[in-house]
$ cat structure.tsv   # TSV, C-alpha atoms
chain	number	residue	atom	x	y	z
A	16	MET	CA	93.31	186.50	-22.22
A	17	SER	CA	94.43	183.09	-23.52
A	18	PRO	CA	97.19	182.90	-26.19
A	19	ILE	CA	94.58	181.82	-28.75
A	20	GLY	CA	92.30	184.73	-27.84
A	21	ARG	CA	95.19	187.19	-28.00
A	22	ARG	CA	96.20	185.94	-31.46
A	23	ALA	CA	92.61	186.26	-32.65
A	24	THR	CA	92.38	189.82	-31.36
A	25	LEU	CA	95.67	190.73	-32.99
A	26	ALA	CA	94.65	189.12	-36.29
A	27	ALA	CA	91.43	191.17	-36.29
A	28	ALA	CA	93.36	194.35	-35.60
A	29	LEU	CA	95.78	193.62	-38.41
A	30	LEU	CA	92.90	192.95	-40.80
A	31	ALA	CA	91.29	196.24	-39.81
A	32	LEU	CA	94.41	198.05	-40.94
A	33	SER	CA	94.16	196.82	-44.52
A	34	PRO	CA	93.67	199.51	-47.20
A	35	ILE	CA	90.41	197.85	-48.35
A	36	ALA	CA	88.91	198.08	-44.86
A	37	ALA	CA	90.07	201.66	-44.51
A	38	LEU	CA	88.48	202.73	-47.79
A	39	GLY	CA	85.20	201.00	-47.11
A	40	GLN	CA	84.20	202.39	-43.73
A	41	THR	CA	84.41	206.20	-43.93
A	42	SER	CA	82.94	208.84	-46.20
A	43	GLY	CA	82.28	212.57	-46.35
A	44	GLU	CA	84.42	215.55	-45.48
A	45	PRO	CA	87.51	214.60	-43.50
A	46	VAL	CA	88.10	215.86	-39.99
A	47	ASN	CA	91.46	217.63	-40.18
A	48	ILE	CA	94.03	217.22	-37.41
A	49	GLY	CA	97.20	219.29	-37.60
A	50	PHE	CA	100.57	217.72	-36.96
A	51	VAL	CA	103.82	219.67	-36.58
A	52	SER	CA	107.02	217.78	-35.86
A	53	SER	CA	110.73	217.90	-36.53
A	54	ILE	CA	110.97	215.62	-39.56
A	55	THR	CA	114.26	217.23	-40.59
A	56	GLY	CA	116.98	218.96	-38.60
A	57	ILE	CA	118.40	218.06	-35.22
A	58	GLY	CA	115.08	216.78	-33.87
A	59	ALA	CA	114.40	214.39	-36.75
A	60	GLY	CA	115.35	211.38	-34.64
A	61	LEU	CA	112.25	212.19	-32.58
A	62	GLY	CA	109.97	213.75	-35.15
A	63	ILE	CA	110.08	210.94	-37.72
A	64	PRO	CA	108.98	208.25	-35.23
A	65	GLN	CA	106.24	210.58	-33.94
A	66	ARG	CA	104.94	211.07	-37.47
A	67	ASN	CA	105.02	207.33	-38.14
A	68	GLY	CA	102.99	206.51	-35.04
A	69	ALA	CA	100.40	209.16	-35.89
A	70	LEU	CA	100.03	207.96	-39.48
A	71	LEU	CA	99.53	204.40	-38.30
A	72	ALA	CA	96.85	205.64	-35.90
A	73	GLU	CA	95.14	207.58	-38.70
A	74	LYS	CA	94.95	204.36	-40.71
A	75	ASP	CA	93.65	202.41	-37.73
A	76	ILE	CA	91.00	204.97	-36.75
A	77	ASN	CA	89.67	205.27	-40.30
A	78	ALA	CA	89.54	201.48	-40.62
A	79	LYS	CA	87.25	201.50	-37.58
A	80	GLY	CA	84.87	204.14	-38.92
A	81	GLY	CA	86.69	207.41	-38.32
A	82	ILE	CA	84.75	210.11	-36.45
A	83	GLY	CA	81.07	209.21	-36.76
A	84	GLY	CA	81.73	207.73	-40.19
A	85	ARG	CA	83.84	210.66	-41.39
A	86	PRO	CA	87.53	210.00	-42.04
A	87	ILE	CA	90.20	211.83	-40.12
A	88	LYS	CA	92.97	213.45	-42.12
A	89	LEU	CA	96.35	214.09	-40.57
A	90	ILE	CA	97.96	217.18	-42.13
A	91	VAL	CA	101.68	216.74	-41.49
A	92	GLU	CA	104.04	219.70	-41.43
A	93	ASP	CA	107.81	219.69	-40.87
A	94	ASP	CA	109.16	222.49	-38.67
A	95	ALA	CA	112.76	221.59	-39.60
A	96	SER	CA	113.60	221.72	-35.87
A	97	SER	CA	113.08	225.50	-35.91
A	98	ALA	CA	110.84	227.30	-33.40
A	99	GLU	CA	110.10	230.08	-35.91
A	100	THR	CA	109.10	227.56	-38.57
A	101	ALA	CA	106.99	225.61	-36.07
A	102	LEU	CA	104.98	228.74	-35.27
A	103	SER	CA	104.53	229.57	-38.96
A	104	LYS	CA	103.35	226.05	-39.82
A	105	ALA	CA	101.01	225.92	-36.84
A	106	THR	CA	99.50	229.29	-37.74
A	107	ASP	CA	98.72	228.05	-41.24
A	108	LEU	CA	97.17	224.85	-39.91
A	109	VAL	CA	94.94	226.63	-37.42
A	110	HIS	CA	93.84	229.59	-39.50
A	111	ASN	CA	93.95	228.29	-43.08
A	112	LYS	CA	93.72	224.49	-42.96
A	113	LYS	CA	90.99	224.66	-40.31
A	114	VAL	CA	92.28	221.79	-38.20
A	115	VAL	CA	90.25	220.91	-35.10
A	116	ALA	CA	93.30	220.20	-32.93
A	117	LEU	CA	97.06	220.31	-33.13
A	118	LEU	CA	99.59	217.59	-32.32
A	119	GLY	CA	103.19	218.69	-31.70
A	120	PRO	CA	105.71	220.09	-31.91
A	121	THR	CA	108.64	217.85	-31.01
A	122	LEU	CA	111.16	220.14	-29.32
A	123	THR	CA	110.69	222.21	-26.16
A	124	ALA	CA	111.49	225.60	-27.74
A	125	ASN	CA	109.14	224.88	-30.64
A	126	THR	CA	106.35	223.87	-28.25
A	127	VAL	CA	106.74	227.13	-26.34
A	128	ALA	CA	106.58	229.12	-29.59
A	129	VAL	CA	103.44	227.38	-30.84
A	130	GLY	CA	101.85	227.78	-27.41
A	131	SER	CA	101.92	231.53	-27.94
A	132	LEU	CA	99.45	230.91	-30.79
A	133	THR	CA	97.20	228.26	-29.26
A	134	ASP	CA	96.89	229.68	-25.75
A	135	PRO	CA	95.01	232.93	-26.59
A	136	LEU	CA	92.70	230.96	-28.89
A	137	LYS	CA	92.04	228.25	-26.27
A	138	PHE	CA	92.96	225.86	-29.05
A	139	PRO	CA	93.77	222.23	-28.17
A	140	GLN	CA	97.47	221.46	-28.54
A	141	ILE	CA	99.06	218.16	-27.50
A	142	ALA	CA	102.84	218.53	-27.58
A	143	PHE	CA	105.33	215.69	-27.70
A	144	SER	CA	107.78	217.53	-25.48
A	145	GLY	CA	107.75	217.52	-21.70
A	146	GLN	CA	106.61	220.58	-19.81
A	147	GLY	CA	109.39	223.13	-20.02
A	148	PRO	CA	109.59	226.73	-18.81
A	149	ALA	CA	107.19	228.15	-16.24
A	150	VAL	CA	105.16	230.04	-18.87
A	151	GLU	CA	103.60	226.72	-19.90
A	152	LEU	CA	101.95	226.29	-16.51
A	153	SER	CA	99.37	228.93	-17.42
A	154	ARG	CA	98.51	227.41	-20.80
A	155	LYS	CA	95.43	225.35	-20.01
A	156	CYS	CA	94.84	224.02	-23.54
A	157	LEU	CA	98.42	222.78	-23.88
A	158	PHE	CA	98.98	219.15	-22.93
A	159	HIS	CA	102.17	217.11	-22.98
A	160	THR	CA	102.82	213.47	-23.85
A	161	SER	CA	106.27	213.43	-22.29
A	162	PRO	CA	106.81	213.84	-18.55
A	163	PRO	CA	107.71	217.25	-17.14
A	164	GLN	CA	111.43	217.88	-17.06
A	165	VAL	CA	111.51	217.85	-13.27
A	166	LEU	CA	110.33	214.22	-13.44
A	167	ASN	CA	112.91	213.37	-16.10
A	168	ALA	CA	115.60	214.75	-13.80
A	169	ARG	CA	114.41	212.59	-10.94
A	170	ALA	CA	114.24	209.49	-13.14
A	171	LEU	CA	117.84	210.00	-14.25
A	172	LEU	CA	118.97	210.27	-10.65
A	173	GLU	CA	117.00	207.13	-9.78
A	174	ALA	CA	118.98	205.30	-12.47
A	175	ALA	CA	122.22	206.66	-11.04
A	176	ARG	CA	121.22	205.51	-7.56
A	177	ALA	CA	120.52	202.01	-8.86
A	178	LEU	CA	124.04	202.00	-10.32
A	179	LYS	CA	125.41	203.11	-6.90
A	180	ALA	CA	126.91	206.26	-8.40
A	181	LYS	CA	128.12	209.07	-6.16
A	182	LYS	CA	129.96	211.26	-8.67
A	183	ILE	CA	128.09	212.30	-11.80
A	184	GLY	CA	129.35	213.90	-14.98
A	185	VAL	CA	126.74	215.50	-17.25
A	186	LEU	CA	126.64	216.49	-20.90
A	187	TYR	CA	123.48	218.41	-21.75
A	188	ASP	CA	122.15	220.37	-24.71
A	189	SER	CA	120.89	223.94	-24.88
A	190	GLY	CA	117.30	222.78	-25.39
A	191	PHE	CA	115.40	220.50	-23.04
A	192	GLY	CA	118.70	219.45	-21.47
A	193	THR	CA	119.08	222.90	-19.93
A	194	VAL	CA	115.67	222.63	-18.29
A	195	VAL	CA	116.30	219.11	-16.95
A	196	MET	CA	119.68	220.21	-15.63
A	197	SER	CA	118.16	223.15	-13.75
A	198	PHE	CA	116.06	220.69	-11.74
A	199	MET	CA	118.79	218.12	-11.30
A	200	ARG	CA	121.12	220.55	-9.57
A	201	LYS	CA	118.51	220.97	-6.83
A	202	MET	CA	118.10	217.21	-6.27
A	203	THR	CA	121.60	215.78	-6.00
A	204	ASP	CA	121.90	216.30	-2.24
A	205	GLU	CA	118.66	214.40	-1.74
A	206	PHE	CA	120.17	211.46	-3.62
A	207	GLY	CA	123.54	211.73	-1.87
A	208	MET	CA	125.34	212.53	-5.13
A	209	GLN	CA	127.69	215.18	-6.45
A	210	ILE	CA	127.85	216.63	-9.95
A	211	VAL	CA	131.60	216.72	-10.59
A	212	ALA	CA	131.32	218.07	-14.13
A	213	GLU	CA	128.52	219.58	-16.20
A	214	GLU	CA	129.13	220.61	-19.78
A	215	LYS	CA	126.61	222.33	-22.03
A	216	PHE	CA	126.61	222.24	-25.83
A	217	GLU	CA	124.39	223.72	-28.52
A	218	ILE	CA	121.44	221.58	-29.54
A	219	ALA	CA	122.65	221.42	-33.16
A	220	ALA	CA	126.31	220.76	-32.28
A	221	THR	CA	128.10	218.23	-34.46
A	222	ASP	CA	131.21	218.03	-32.26
A	223	THR	CA	131.12	217.74	-28.46
A	224	MET	CA	134.60	216.29	-27.94
A	225	ALA	CA	135.85	219.29	-25.93
A	226	GLN	CA	132.93	219.08	-23.50
A	227	ALA	CA	133.23	215.30	-23.20
A	228	ALA	CA	136.95	215.61	-22.45
A	229	LYS	CA	136.21	217.88	-19.49
A	230	VAL	CA	133.71	215.37	-18.15
A	231	LYS	CA	136.27	212.59	-18.54
A	232	ALA	CA	138.86	214.58	-16.61
A	233	ALA	CA	136.50	214.80	-13.61
A	234	GLN	CA	136.45	210.97	-13.36
A	235	PRO	CA	132.72	210.51	-12.64
A	236	ASP	CA	131.16	207.19	-11.68
A	237	VAL	CA	128.56	207.56	-14.45
A	238	VAL	CA	128.04	209.93	-17.36
A	239	MET	CA	124.59	211.41	-17.94
A	240	ILE	CA	123.69	212.65	-21.40
A	241	ILE	CA	120.59	214.85	-21.64
A	242	ALA	CA	120.13	215.57	-25.31
A	243	THR	CA	118.22	214.94	-28.52
A	244	SER	CA	121.26	213.87	-30.50
A	245	ALA	CA	123.67	210.96	-30.96
A	246	THR	CA	126.68	213.29	-31.07
A	247	PRO	CA	127.60	213.36	-27.33
A	248	PHE	CA	127.29	209.57	-27.05
A	249	ARG	CA	129.81	209.11	-29.83
A	250	ALA	CA	132.14	211.65	-28.24
A	251	VAL	CA	132.14	209.86	-24.87
A	252	ARG	CA	133.01	206.53	-26.46
A	253	GLN	CA	135.62	208.03	-28.80
A	254	LEU	CA	137.42	209.24	-25.69
A	255	GLN	CA	137.48	205.65	-24.43
A	256	MET	CA	135.32	206.43	-21.42
A	257	LYS	CA	134.17	203.09	-19.98
A	258	GLN	CA	131.57	204.39	-17.51
A	259	THR	CA	127.92	203.48	-17.93
A	260	ILE	CA	126.06	206.24	-19.73
A	261	ILE	CA	122.63	207.20	-18.42
A	262	GLY	CA	120.57	208.51	-21.31
A	263	SER	CA	117.45	210.62	-21.22
A	264	LEU	CA	114.07	210.07	-22.82
A	265	GLY	CA	114.92	212.59	-25.52
A	266	SER	CA	117.64	210.45	-27.08
A	267	SER	CA	115.86	207.10	-26.97
A	268	SER	CA	114.91	206.40	-30.56
A	269	TYR	CA	116.20	203.87	-33.05
A	270	GLU	CA	117.15	206.73	-35.37
A	271	TYR	CA	119.57	208.01	-32.75
A	272	VAL	CA	120.72	204.49	-31.89
A	273	ASN	CA	121.64	203.93	-35.53
A	274	ALA	CA	123.52	207.23	-35.56
A	275	MET	CA	125.44	206.22	-32.42
A	276	GLY	CA	126.98	203.24	-34.19
A	277	SER	CA	129.31	201.33	-31.89
A	278	ALA	CA	128.63	203.89	-29.12
A	279	ALA	CA	125.15	202.38	-28.59
A	280	ASP	CA	126.41	200.13	-25.82
A	281	ASN	CA	126.28	200.13	-22.00
A	282	ILE	CA	123.65	202.87	-21.91
A	283	VAL	CA	120.86	202.87	-19.32
A	284	VAL	CA	117.76	204.83	-20.35
A	285	ALA	CA	114.82	206.12	-18.30
A	286	GLU	CA	111.88	205.70	-20.67
A	287	PHE	CA	108.48	204.06	-21.31
A	288	MET	CA	108.72	201.33	-23.95
A	289	VAL	CA	111.13	198.57	-24.91
A	290	GLY	CA	110.01	197.22	-28.27
A	291	GLU	CA	112.17	194.11	-27.88
A	292	ASP	CA	110.35	193.26	-24.63
A	293	PRO	CA	107.06	195.19	-24.47
A	294	LEU	CA	104.68	195.24	-21.54
A	295	PRO	CA	101.41	193.31	-22.05
A	296	ARG	CA	99.45	196.49	-22.92
A	297	GLN	CA	102.06	197.33	-25.56
A	298	GLU	CA	102.32	194.00	-27.34
A	299	GLU	CA	99.53	194.49	-29.89
A	300	PHE	CA	100.74	197.94	-30.87
A	301	VAL	CA	104.30	196.68	-31.30
A	302	GLU	CA	103.09	193.93	-33.65
A	303	LEU	CA	100.98	196.38	-35.68
A	304	TYR	CA	103.90	198.79	-35.97
A	305	LYS	CA	106.31	196.02	-37.02
A	306	LYS	CA	103.89	194.91	-39.73
A	307	GLU	CA	103.57	198.44	-41.09
A	308	TYR	CA	107.16	199.72	-40.82
A	309	HIS	CA	109.28	196.56	-40.43
A	310	THR	CA	111.00	197.91	-37.38
A	311	LEU	CA	110.32	198.25	-33.66
A	312	PRO	CA	108.62	201.28	-32.08
A	313	LYS	CA	109.63	203.26	-29.01
A	314	HIS	CA	107.65	205.59	-26.76
A	315	LEU	CA	107.72	208.28	-29.45
A	316	GLU	CA	105.61	206.26	-31.86
A	317	ALA	CA	103.40	205.02	-29.02
A	318	ALA	CA	102.72	208.55	-27.76
A	319	SER	CA	101.55	209.85	-31.12
A	320	TRP	CA	99.44	206.71	-31.65
A	321	ASP	CA	97.87	207.24	-28.23
A	322	MET	CA	97.17	210.93	-28.76
A	323	MET	CA	95.49	210.33	-32.11
A	324	HIS	CA	93.18	207.78	-30.51
A	325	ILE	CA	92.47	210.02	-27.52
A	326	LEU	CA	91.58	212.86	-29.88
A	327	ALA	CA	89.38	210.55	-31.96
A	328	GLU	CA	87.52	209.37	-28.86
A	329	THR	CA	87.04	212.95	-27.70
A	330	LEU	CA	85.76	214.14	-31.08
A	331	THR	CA	83.44	211.15	-31.35
A	332	LYS	CA	81.83	212.15	-28.05
A	333	LEU	CA	81.64	215.88	-28.78
A	334	GLY	CA	81.18	215.85	-32.52
A	335	PRO	CA	83.77	217.04	-35.08
A	336	ASN	CA	82.35	220.57	-35.08
A	337	ALA	CA	82.89	221.12	-31.35
A	338	ALA	CA	84.41	224.44	-30.31
A	339	PRO	CA	88.15	224.37	-29.52
A	340	GLU	CA	87.63	225.26	-25.87
A	341	ALA	CA	85.10	222.42	-25.49
A	342	ILE	CA	87.67	220.00	-26.88
A	343	CYS	CA	90.23	221.32	-24.40
A	344	LYS	CA	87.88	220.75	-21.48
A	345	ALA	CA	87.00	217.27	-22.68
A	346	LEU	CA	90.67	216.32	-22.97
A	347	GLN	CA	91.30	217.22	-19.35
A	348	GLY	CA	91.12	214.10	-17.26
A	349	PRO	CA	92.57	210.59	-17.15
A	350	HIS	CA	93.55	208.65	-20.28
A	351	SER	CA	95.16	205.24	-20.62
A	352	GLY	CA	97.34	204.41	-23.58
A	353	VAL	CA	100.00	202.14	-24.95
A	354	MET	CA	102.83	204.33	-23.71
A	355	THR	CA	101.54	205.11	-20.22
A	356	THR	CA	98.62	206.61	-18.26
A	357	TRP	CA	98.03	210.35	-18.36
A	358	ASN	CA	95.87	212.78	-16.43
A	359	PHE	CA	95.67	216.02	-18.37
A	360	SER	CA	93.90	217.76	-15.50
A	361	ALA	CA	96.98	217.34	-13.28
A	362	PRO	CA	98.97	220.49	-12.45
A	363	ASP	CA	101.76	219.47	-14.83
A	364	MET	CA	99.22	218.71	-17.60
A	365	THR	CA	100.46	215.11	-17.94
A	366	GLY	CA	99.73	213.25	-14.70
A	367	ILE	CA	102.66	210.93	-15.46
A	368	THR	CA	104.23	209.46	-12.34
A	369	LEU	CA	107.77	208.36	-11.58
A	370	SER	CA	106.57	204.78	-11.11
A	371	GLY	CA	105.48	204.77	-14.76
A	372	TYR	CA	109.07	204.79	-16.04
A	373	ILE	CA	110.72	201.73	-17.52
A	374	PHE	CA	114.51	201.52	-17.26
A	375	SER	CA	116.11	199.90	-20.27
A	376	LYS	CA	119.67	199.11	-21.25
A	377	LEU	CA	121.26	199.45	-24.67
A	378	THR	CA	123.74	196.67	-25.40
A	379	ASN	CA	125.29	196.55	-28.87
A	380	GLY	CA	122.41	198.61	-30.24
A	381	LYS	CA	119.63	196.49	-28.73
A	382	TYR	CA	117.35	197.42	-25.84
A	383	SER	CA	116.40	195.18	-22.94
A	384	ARG	CA	114.34	195.89	-19.86
A	385	THR	CA	116.25	196.12	-16.60
A	386	ASP	CA	115.06	195.36	-13.09
A	387	ILE	CA	115.69	198.93	-11.91
A	388	LYS	CA	112.82	200.20	-9.76
A	389	VAL	CA	112.36	203.70	-8.42
A	390	GLN	CA	112.89	204.08	-4.70
A	391	ALA	CA	111.22	207.46	-4.30
A	392	LYS	CA	107.60	207.54	-3.16
$ encode --input "structure.tsv" --output "structure tokens"
Amino acid sequence: MSPIGRRATLAAALLALSPIAALGQTSGEPVNIGFVSSITGIGAGLGIPQRNGALLAEKDINAKGGIGGRPIKLIVEDDASSAETALSKATDLVHNKKVVALLGPTLTANTVAVGSLTDPLKFPQIAFSGQGPAVELSRKCLFHTSPPQVLNARALLEAARALKAKKIGVLYDSGFGTVVMSFMRKMTDEFGMQIVAEEKFEIAATDTMAQAAKVKAAQPDVVMIIATSATPFRAVRQLQMKQTIIGSLGSSSYEYVNAMGSAADNIVVAEFMVGEDPLPRQEEFVELYKKEYHTLPKHLEAASWDMMHILAETLTKLGPNAAPEAICKALQGPHSGVMTTWNFSAPDMTGITLSGYIFSKLTNGKYSRTDIKVQAK
């Protein structure tokens, strides 16, 4: 598309997002979509961006006519980063608020808890976490927007290989970090690397200095941090560790970057979107998000935007009164989005491939795309 054509398309999209357009194109009973994320608590750095992307998508979809002329309504619930609360909120949404599908939760443990509700009901659930424990493999109406943790482990090791690291020190949390770590231990020989220190901390920890000190003592070539928190990044830099940090998908949000402060430097991240330098398919979304929120989006916002649109397309085809199991079956298959390409019929319920990763670098709190490419086939 020419620059003039691209600007015209973007201008039309921005116009469609105006409140006047949104109010004028839908009517009737709304189609309710449930949304459970960690808007407070340790996972808020992920949950807030996910909510923002979904709300922007709600506005966009309604501006374009909703579901057969009916507006969609996103019912947002905060699980406060608690698995028990996530299950309670999801139960209310499914049984009392009569939502047709459920987006979320944010954290792995919360996703597993809510899956115990949705699986017996064959109720469509699209989680923002990556596939975690083995129990999720049998849940055929549970889909994931983030890659499975085995793929995250491989992507982190690909980044380490690009940095020519042989000795790795790892700080990981008791949530998704534990799952990623379980896979990474099995892969290091394949990459010709050695884990010289691995230190676990609680997901809600506010002080990880003791663990970081043990990693420092092992003198690794790089430090991996697998967490949904800024705390371990600050600890590594407070100890004057100069090694490049390799960060995971779970800590790549501007909320966490802001919390890192001066520690948000010399960090390589295996992820899917760099708002400062988006891929061509991401440019329009980045501009829309900037106009709405006056900041840049990451993969978190893009994933929730994508899932709202995928759900809207599915419900438009089936009708808003389709049975939950029919929606599940219709969701299975390939989908292209701003963040990446999925195939929800794949064994891991994502279809995300290693080649889909983008490797970024944080320098003084700003992301840039690197030229790191995966070597694995």
$ atom_distance --input "structure.tsv" --atom1 "CA of Gly68 in chain A" --atom2 "CA of Val301 in chain A"
10.6 Å
$ residues_around --input "structure.tsv" --residues "Ala174 in chain A" --least-positions-apart "6" --cutoff "10 Å" --atoms "all atoms listed in the file" --output "CSV table (one decimal) with C-alpha atoms, in the coordinates of the input"
chain,number,residue,atom,x,y,z
A,180,ALA,CA,126.9,206.3,-8.4
A,239,MET,CA,124.6,211.4,-17.9
A,261,ILE,CA,122.6,207.2,-18.4
A,262,GLY,CA,120.6,208.5,-21.3
A,283,VAL,CA,120.9,202.9,-19.3
A,284,VAL,CA,117.8,204.8,-20.4
A,285,ALA,CA,114.8,206.1,-18.3
A,374,PHE,CA,114.5,201.5,-17.3
A,375,SER,CA,116.1,199.9,-20.3
A,387,ILE,CA,115.7,198.9,-11.9
A,388,LYS,CA,112.8,200.2,-9.8
A,389,VAL,CA,112.4,203.7,-8.4
A,390,GLN,CA,112.9,204.1,-4.7
$ closest_residue --input "structure.tsv" --among "A:Thr243, A:Ser268, A:Thr223, A:Ser189" --to "Pro312 in chain A" --atoms "all atoms listed in the file"
A:Ser268
$ atom_distance --input "structure.tsv" --atom1 "CA of Asn358 in chain A" --atom2 "CA of Pro163 in chain A"
12.7 Å
$ closest_residue --input "structure.tsv" --among "A:Gly207, A:Gly348, A:Gly184, A:Pro162" --to "Val237 in chain A" --atoms "only C-alpha atoms"
A:Gly184
$ closest_residue --input "structure.tsv" --among "A:Leu132, A:Ile141, A:Leu315, A:Ile90" --to "Leu117 in chain A" --atoms "only C-alpha atoms"
A:Ile141
